[in-house]
Amino acid sequence: MRPRIFIAVALSVYAFSVLKPDMRVAAEAEHLDLQQDFRQRLQKLAVLSPDPCGPPSPREKEWTPADSEFRLFSRAADIVTGALNATSAKAGSPKERAAAALTKLEEASTEINADWPEDNRFHFQILDVPPLLVVKMEFRTSARFFAFGIPHEEVSEKAQPVWHLVGSDDVFFEQESARSLIELFELHRGPSGNARFLARIEPFGCAGSIGVIYEAREWDPDGIGSFEKIIYQEGALGLDDNVEGFPQIGELQTGGTLITLPYCQFSAIVTWDNPSLCAVDTYDLSGDDVKFQSRAYNRPDLVPVAKAIAYAQERDSAAARGYCASSEIADRLVRELPPHFFAGEIQVNATGKSSERVELGDGPVYWLDVEERQGGWVVVDFGEERNEDSEQE
């Protein structure tokens, strides 16, 4: 695996490598300051409603963006880093030290956010995948994960190894959502023995469909350390798991050398706020390099319809050609299909043993004929039917 430069997060680096009494006292004082800062941030956030999708709090005007959950999570990560670098002989294992520090933060939230529902207060979960420690934190309706490790260059016979915050989820920065959930899973290690884990993240708003993101990471402590993203897949979840004509496919499997990640995708063939075209991806984790193995769909016959329309709307004839029986059909789709298209209604009728006509819309109706050829489905024809009402308009 190609190493990347490890970037230490400035707010989370602690210089604990010199174990002198005065340094220890200074570190403990700083740790207390961080805990006090965390409590103050809890108090500032307490003026908000526990749920951003619920009725606003009367005191919400007292809140400013500088008092966001992001800063609260960052401060908690700082506190965990300090606890991991504790020098007390009775400090316990890294997991125990982190848990003890996080339990105090939970207790502070229980006290300060006493009028909030239990689920909205600060909580944590620790995934111990030695030599990596991954901490999930939850507060209000947000969730994040932070990973802590010791780069080998920090290991010395003369001083205590220094823990660092080596990485965190990217979703918090890339997605703006009212709510989010995270699940953590340990993954099979390759021959090198590097720690791996998967985060299943669900960002979602106050209404509508739910997103799903699979983000797998690997920690290589060699040298300055490398926290690699080895799998990343975005998708969505439907509001209804029992959509007529669109059966569910696959289950989340994270154990062993082969893992499966199910998800759905929005496309031009959806009929409402439900990404009915679903897939399951399989990855092979047996080697040091994670490899994508396969993708299966719940409706393979409709995949070329959805893909051809998507590329036609992007005016990408070459990409559309991959889902059409000929370049002529692909070019015609690119020329004639409107830039914005939503099925609204879909009807699929068999026209032969391995052929179908897919009708989309309720006026005008676009139809695409598909056939199964050499184990895959392709678009073989395309047209439009306008009803009398649409023609008068």
# chains A, B, ... in the order shown; residues from 1 in each chain; ligands from 1
>>> residues_around(residues="Gln265 (chain A)", least_positions_apart="4", cutoff="6 Å", atoms="only C-alpha atoms", output="PyMOL selection string")
chain A and resi 235-236+275+277
>>> select_by_dssp(residues="region 187-391 of chain A", states="strand (DSSP E or B)", output="PyMOL selection string")
chain A and resi 195-204+210-220+226-237+243+246+253+258-265+277-284+291-297+324+346-352+355-360+365-373+376-385
>>> residues_around(residues="Phe204 (chain A)", least_positions_apart="2", cutoff="9 Å", atoms="only C-alpha atoms", output="ChimeraX atom specification")
/A:176-181,202,206-212
>>> write_last_selection(atoms="N, CA, C and O atoms", output="PDB file, in the first residue's frame")
ATOM      1  N   GLU A 176     -23.919  18.167   4.604  1.00  0.00           N
ATOM      2  CA  GLU A 176     -24.648  18.978   5.564  1.00  0.00           C
ATOM      3  C   GLU A 176     -26.010  18.328   5.777  1.00  0.00           C
ATOM      4  O   GLU A 176     -26.848  18.322   4.892  1.00  0.00           O
ATOM      5  N   SER A 177     -26.211  17.751   6.936  1.00  0.00           N
ATOM      6  CA  SER A 177     -27.458  17.055   7.223  1.00  0.00           C
ATOM      7  C   SER A 177     -27.892  17.375   8.634  1.00  0.00           C
ATOM      8  O   SER A 177     -27.070  17.660   9.512  1.00  0.00           O
ATOM      9  N   ALA A 178     -29.196  17.322   8.848  1.00  0.00           N
ATOM     10  CA  ALA A 178     -29.732  17.636  10.166  1.00  0.00           C
ATOM     11  C   ALA A 178     -29.410  16.535  11.169  1.00  0.00           C
ATOM     12  O   ALA A 178     -29.274  16.796  12.358  1.00  0.00           O
ATOM     13  N   ARG A 179     -29.272  15.307  10.681  1.00  0.00           N
ATOM     14  CA  ARG A 179     -29.043  14.182  11.576  1.00  0.00           C
ATOM     15  C   ARG A 179     -28.051  13.214  10.938  1.00  0.00           C
ATOM     16  O   ARG A 179     -27.893  13.188   9.713  1.00  0.00           O
ATOM     17  N   SER A 180     -27.404  12.415  11.760  1.00  0.00           N
ATOM     18  CA  SER A 180     -26.506  11.391  11.237  1.00  0.00           C
ATOM     19  C   SER A 180     -26.360  10.273  12.264  1.00  0.00           C
ATOM     20  O   SER A 180     -26.433  10.504  13.474  1.00  0.00           O
ATOM     21  N   LEU A 181     -26.162   9.073  11.753  1.00  0.00           N
ATOM     22  CA  LEU A 181     -25.916   7.892  12.581  1.00  0.00           C
ATOM     23  C   LEU A 181     -24.649   7.213  12.082  1.00  0.00           C
ATOM     24  O   LEU A 181     -24.332   7.265  10.888  1.00  0.00           O
ATOM     25  N   GLU A 202     -25.139   7.110   8.181  1.00  0.00           N
ATOM     26  CA  GLU A 202     -26.437   7.494   7.624  1.00  0.00           C
ATOM     27  C   GLU A 202     -26.682   8.979   7.876  1.00  0.00           C
ATOM     28  O   GLU A 202     -27.102   9.361   8.964  1.00  0.00           O
ATOM     29  N   CYS A 206     -34.645  16.291   7.952  1.00  0.00           N
ATOM     30  CA  CYS A 206     -35.840  16.246   8.796  1.00  0.00           C
ATOM     31  C   CYS A 206     -36.971  15.478   8.139  1.00  0.00           C
ATOM     32  O   CYS A 206     -37.942  15.100   8.804  1.00  0.00           O
ATOM     33  N   ALA A 207     -36.888  15.248   6.847  1.00  0.00           N
ATOM     34  CA  ALA A 207     -37.923  14.493   6.132  1.00  0.00           C
ATOM     35  C   ALA A 207     -37.283  13.911   4.883  1.00  0.00           C
ATOM     36  O   ALA A 207     -36.193  14.300   4.480  1.00  0.00           O
ATOM     37  N   GLY A 208     -37.974  12.976   4.270  1.00  0.00           N
ATOM     38  CA  GLY A 208     -37.479  12.406   3.029  1.00  0.00           C
ATOM     39  C   GLY A 208     -36.572  11.215   3.237  1.00  0.00           C
ATOM     40  O   GLY A 208     -36.493  10.637   4.320  1.00  0.00           O
ATOM     41  N   SER A 209     -35.848  10.876   2.174  1.00  0.00           N
ATOM     42  CA  SER A 209     -35.042   9.661   2.173  1.00  0.00           C
ATOM     43  C   SER A 209     -33.790   9.814   3.031  1.00  0.00           C
ATOM     44  O   SER A 209     -33.460  10.903   3.501  1.00  0.00           O
ATOM     45  N   ILE A 210     -33.101   8.704   3.198  1.00  0.00           N
ATOM     46  CA  ILE A 210     -31.921   8.632   4.064  1.00  0.00           C
ATOM     47  C   ILE A 210     -30.714   8.246   3.226  1.00  0.00           C
ATOM     48  O   ILE A 210     -30.773   7.344   2.394  1.00  0.00           O
ATOM     49  N   GLY A 211     -29.605   8.929   3.436  1.00  0.00           N
ATOM     50  CA  GLY A 211     -28.375   8.573   2.748  1.00  0.00           C
ATOM     51  C   GLY A 211     -27.658   7.451   3.481  1.00  0.00           C
ATOM     52  O   GLY A 211     -27.909   7.197   4.655  1.00  0.00           O
ATOM     53  N   VAL A 212     -26.774   6.770   2.785  1.00  0.00           N
ATOM     54  CA  VAL A 212     -25.921   5.761   3.421  1.00  0.00           C
ATOM     55  C   VAL A 212     -24.533   5.860   2.794  1.00  0.00           C
ATOM     56  O   VAL A 212     -24.397   5.993   1.574  1.00  0.00           O
TER      57      VAL A 212
END
>>> closest_residue(among="A:Leu237, A:Ala99, A:Leu285, A:Ala83", to="Tyr263 (chain A)", atoms="only C-alpha atoms")
A:Leu237
>>> closest_residue(among="A:Gly245, A:Gly361, A:Pro221, A:Pro52", to="Leu132 (chain A)", atoms="only C-alpha atoms")
A:Pro221
>>> atom_distance(atom1="CA of Ser276 (chain A)", atom2="CA of Ile346 (chain A)")
11.6 Å
>>> atom_distance(atom1="CA of Arg332 (chain A)", atom2="CA of Arg315 (chain A)")
10.5 Å
>>> select_by_dssp(residues="region 101-296 of chain A", states="helix (DSSP H, G or I)", output="MDAnalysis selection string")
chainID A and resid 101:112 118:120 152:154 171:174
>>> closest_residue(among="A:Ala308, A:Thr271, A:Lys95, A:Gly287", to="Gln347 (chain A)", atoms="only C-alpha atoms")
A:Thr271
>>> residues_around(residues="Trp367 (chain A)", least_positions_apart="2", cutoff="12 Å", atoms="only C-alpha atoms", output="PyMOL selection string")
chain A and resi 269+305+309+333+337+343+345-349+356-365+369-370+379-386
>>> residues_around(residues="Arg41 (chain A)", least_positions_apart="2", cutoff="9 Å", atoms="only C-alpha atoms", output="list in words")
Gln36, Asp37, Phe38, Arg39, Gln43, Lys44, Leu45, Ala46, Asp67, Ser68, Glu69, Arg71 and Leu72 of chain A
>>> write_last_selection(atoms="all heavy atoms", output="compact mmCIF listing (two decimals), in the first residue's frame")
# COMPACT_ATOMS: atom_id res chain seq x y z
N GLN A 36 -13.06 21.64 31.36
CA GLN A 36 -13.87 22.81 31.69
C GLN A 36 -14.40 23.46 30.41
O GLN A 36 -15.55 23.90 30.36
CB GLN A 36 -13.02 23.83 32.48
CG GLN A 36 -13.78 25.06 32.92
CD GLN A 36 -14.97 24.73 33.82
OE1 GLN A 36 -14.92 23.76 34.58
NE2 GLN A 36 -16.03 25.51 33.73
N ASP A 37 -13.56 23.50 29.38
CA ASP A 37 -14.00 24.05 28.10
C ASP A 37 -15.13 23.21 27.52
O ASP A 37 -16.10 23.74 26.95
CB ASP A 37 -12.83 24.11 27.13
CG ASP A 37 -13.19 24.77 25.81
OD1 ASP A 37 -13.19 26.01 25.76
OD2 ASP A 37 -13.50 24.04 24.84
N PHE A 38 -15.02 21.89 27.65
CA PHE A 38 -16.08 21.00 27.16
C PHE A 38 -17.39 21.29 27.88
O PHE A 38 -18.45 21.37 27.24
CB PHE A 38 -15.66 19.54 27.37
CG PHE A 38 -16.65 18.54 26.85
CD1 PHE A 38 -16.60 18.13 25.52
CD2 PHE A 38 -17.63 18.00 27.67
CE1 PHE A 38 -17.52 17.20 25.03
CE2 PHE A 38 -18.55 17.07 27.19
CZ PHE A 38 -18.49 16.67 25.87
N ARG A 39 -17.35 21.47 29.18
CA ARG A 39 -18.56 21.77 29.95
C ARG A 39 -19.17 23.10 29.50
O ARG A 39 -20.40 23.22 29.37
CB ARG A 39 -18.24 21.83 31.44
CG ARG A 39 -17.92 20.48 32.07
CD ARG A 39 -17.65 20.63 33.57
NE ARG A 39 -18.86 21.14 34.24
CZ ARG A 39 -19.82 20.37 34.74
NH1 ARG A 39 -19.73 19.05 34.64
NH2 ARG A 39 -20.86 20.90 35.34
N GLN A 43 -22.91 23.80 27.89
CA GLN A 43 -23.85 24.80 28.40
C GLN A 43 -24.34 25.73 27.30
O GLN A 43 -25.51 26.11 27.27
CB GLN A 43 -23.18 25.59 29.53
CG GLN A 43 -22.94 24.77 30.79
CD GLN A 43 -22.00 25.42 31.77
OE1 GLN A 43 -21.34 26.40 31.44
NE2 GLN A 43 -21.92 24.88 32.99
N LYS A 44 -23.44 26.09 26.38
CA LYS A 44 -23.84 26.96 25.28
C LYS A 44 -24.79 26.24 24.32
O LYS A 44 -25.72 26.83 23.78
CB LYS A 44 -22.61 27.46 24.53
CG LYS A 44 -21.75 28.43 25.34
CD LYS A 44 -20.51 28.85 24.58
CE LYS A 44 -19.68 29.83 25.40
NZ LYS A 44 -18.43 30.24 24.69
N LEU A 45 -24.54 24.95 24.11
CA LEU A 45 -25.41 24.17 23.23
C LEU A 45 -26.73 23.83 23.88
O LEU A 45 -27.71 23.50 23.20
CB LEU A 45 -24.69 22.89 22.80
CG LEU A 45 -23.59 23.07 21.75
CD1 LEU A 45 -22.67 21.85 21.72
CD2 LEU A 45 -24.20 23.31 20.37
N ALA A 46 -26.79 23.89 25.20
CA ALA A 46 -28.01 23.53 25.92
C ALA A 46 -29.16 24.49 25.63
O ALA A 46 -30.32 24.18 25.91
CB ALA A 46 -27.74 23.49 27.42
N ASP A 67 -20.32 27.97 18.56
CA ASP A 67 -20.63 27.01 19.63
C ASP A 67 -21.20 25.71 19.06
O ASP A 67 -22.02 25.05 19.69
CB ASP A 67 -21.65 27.63 20.60
CG ASP A 67 -21.16 28.95 21.18
OD1 ASP A 67 -19.96 29.03 21.48
OD2 ASP A 67 -21.97 29.88 21.33
N SER A 68 -20.78 25.33 17.86
CA SER A 68 -21.38 24.19 17.18
C SER A 68 -20.94 22.86 17.77
O SER A 68 -19.97 22.77 18.53
CB SER A 68 -20.99 24.21 15.69
OG SER A 68 -19.60 23.98 15.56
N GLU A 69 -21.66 21.80 17.39
CA GLU A 69 -21.30 20.44 17.80
C GLU A 69 -19.91 20.07 17.29
O GLU A 69 -19.20 19.28 17.93
CB GLU A 69 -22.31 19.42 17.26
CG GLU A 69 -23.67 19.49 17.90
CD GLU A 69 -24.67 20.26 17.07
OE1 GLU A 69 -24.29 21.32 16.52
OE2 GLU A 69 -25.81 19.81 16.96
N ARG A 71 -17.18 21.82 17.23
CA ARG A 71 -16.17 22.21 18.21
C ARG A 71 -16.26 21.36 19.47
O ARG A 71 -15.25 21.07 20.12
CB ARG A 71 -16.32 23.70 18.53
CG ARG A 71 -16.02 24.60 17.33
CD ARG A 71 -16.17 26.08 17.69
NE ARG A 71 -15.94 26.91 16.54
CZ ARG A 71 -14.74 27.35 16.13
NH1 ARG A 71 -13.66 26.99 16.81
NH2 ARG A 71 -14.63 28.12 15.07
N LEU A 72 -17.47 20.95 19.81
CA LEU A 72 -17.64 20.08 20.98
C LEU A 72 -16.97 18.73 20.74
O LEU A 72 -16.23 18.22 21.59
CB LEU A 72 -19.13 19.88 21.28
CG LEU A 72 -19.44 19.04 22.53
CD1 LEU A 72 -19.28 19.89 23.79
CD2 LEU A 72 -20.84 18.45 22.45
>>> atom_distance(atom1="CA of Asp301 (chain A)", atom2="CA of Glu234 (chain A)")
22.1 Å
>>> closest_residue(among="A:Ala325, A:Ile201, A:Leu105, A:Val334", to="Glu371 (chain A)", atoms="only C-alpha atoms")
A:Ala325
>>> closest_residue(among="A:Ala195, A:Gly205, A:Leu133, A:Ser156", to="Cys53 (chain A)", atoms="only C-alpha atoms")
A:Gly205
>>> residues_around(residues="region 117-129 of chain A", least_positions_apart="5", cutoff="6 Å", atoms="only C-alpha atoms", output="PyMOL selection string")
chain A and resi 106+109+134-140+195
>>> write_last_selection(atoms="N, CA, C and O atoms", output="PDB file, in the first residue's frame")
ATOM      1  N   GLU A 106     -19.753  12.106  29.376  1.00  0.00           N
ATOM      2  CA  GLU A 106     -21.148  11.659  29.409  1.00  0.00           C
ATOM      3  C   GLU A 106     -21.847  12.167  30.666  1.00  0.00           C
ATOM      4  O   GLU A 106     -23.000  12.634  30.610  1.00  0.00           O
ATOM      5  N   SER A 109     -22.696  15.778  30.386  1.00  0.00           N
ATOM      6  CA  SER A 109     -23.867  16.002  29.537  1.00  0.00           C
ATOM      7  C   SER A 109     -25.148  15.600  30.251  1.00  0.00           C
ATOM      8  O   SER A 109     -26.190  16.257  30.109  1.00  0.00           O
ATOM      9  N   VAL A 134     -10.688   3.472  17.808  1.00  0.00           N
ATOM     10  CA  VAL A 134     -11.662   4.294  17.090  1.00  0.00           C
ATOM     11  C   VAL A 134     -12.802   4.634  18.039  1.00  0.00           C
ATOM     12  O   VAL A 134     -13.371   3.743  18.675  1.00  0.00           O
ATOM     13  N   VAL A 135     -13.125   5.910  18.137  1.00  0.00           N
ATOM     14  CA  VAL A 135     -14.167   6.378  19.052  1.00  0.00           C
ATOM     15  C   VAL A 135     -15.299   7.021  18.270  1.00  0.00           C
ATOM     16  O   VAL A 135     -15.070   7.949  17.484  1.00  0.00           O
ATOM     17  N   LYS A 136     -16.490   6.492  18.464  1.00  0.00           N
ATOM     18  CA  LYS A 136     -17.692   7.143  17.915  1.00  0.00           C
ATOM     19  C   LYS A 136     -18.278   8.048  18.988  1.00  0.00           C
ATOM     20  O   LYS A 136     -18.425   7.645  20.139  1.00  0.00           O
ATOM     21  N   MET A 137     -18.599   9.280  18.607  1.00  0.00           N
ATOM     22  CA  MET A 137     -19.224  10.218  19.532  1.00  0.00           C
ATOM     23  C   MET A 137     -20.562  10.670  18.970  1.00  0.00           C
ATOM     24  O   MET A 137     -20.695  10.891  17.766  1.00  0.00           O
ATOM     25  N   GLU A 138     -21.533  10.807  19.868  1.00  0.00           N
ATOM     26  CA  GLU A 138     -22.869  11.262  19.477  1.00  0.00           C
ATOM     27  C   GLU A 138     -23.300  12.393  20.399  1.00  0.00           C
ATOM     28  O   GLU A 138     -23.065  12.344  21.609  1.00  0.00           O
ATOM     29  N   PHE A 139     -23.916  13.402  19.812  1.00  0.00           N
ATOM     30  CA  PHE A 139     -24.480  14.486  20.611  1.00  0.00           C
ATOM     31  C   PHE A 139     -25.580  15.150  19.807  1.00  0.00           C
ATOM     32  O   PHE A 139     -25.424  15.405  18.615  1.00  0.00           O
ATOM     33  N   ARG A 140     -26.681  15.437  20.505  1.00  0.00           N
ATOM     34  CA  ARG A 140     -27.855  16.010  19.845  1.00  0.00           C
ATOM     35  C   ARG A 140     -28.303  15.029  18.772  1.00  0.00           C
ATOM     36  O   ARG A 140     -28.721  13.923  19.100  1.00  0.00           O
ATOM     37  N   ALA A 195      -4.500  -2.650  11.033  1.00  0.00           N
ATOM     38  CA  ALA A 195      -5.861  -2.530  11.557  1.00  0.00           C
ATOM     39  C   ALA A 195      -6.786  -1.939  10.493  1.00  0.00           C
ATOM     40  O   ALA A 195      -6.426  -0.976   9.810  1.00  0.00           O
TER      41      ALA A 195
END
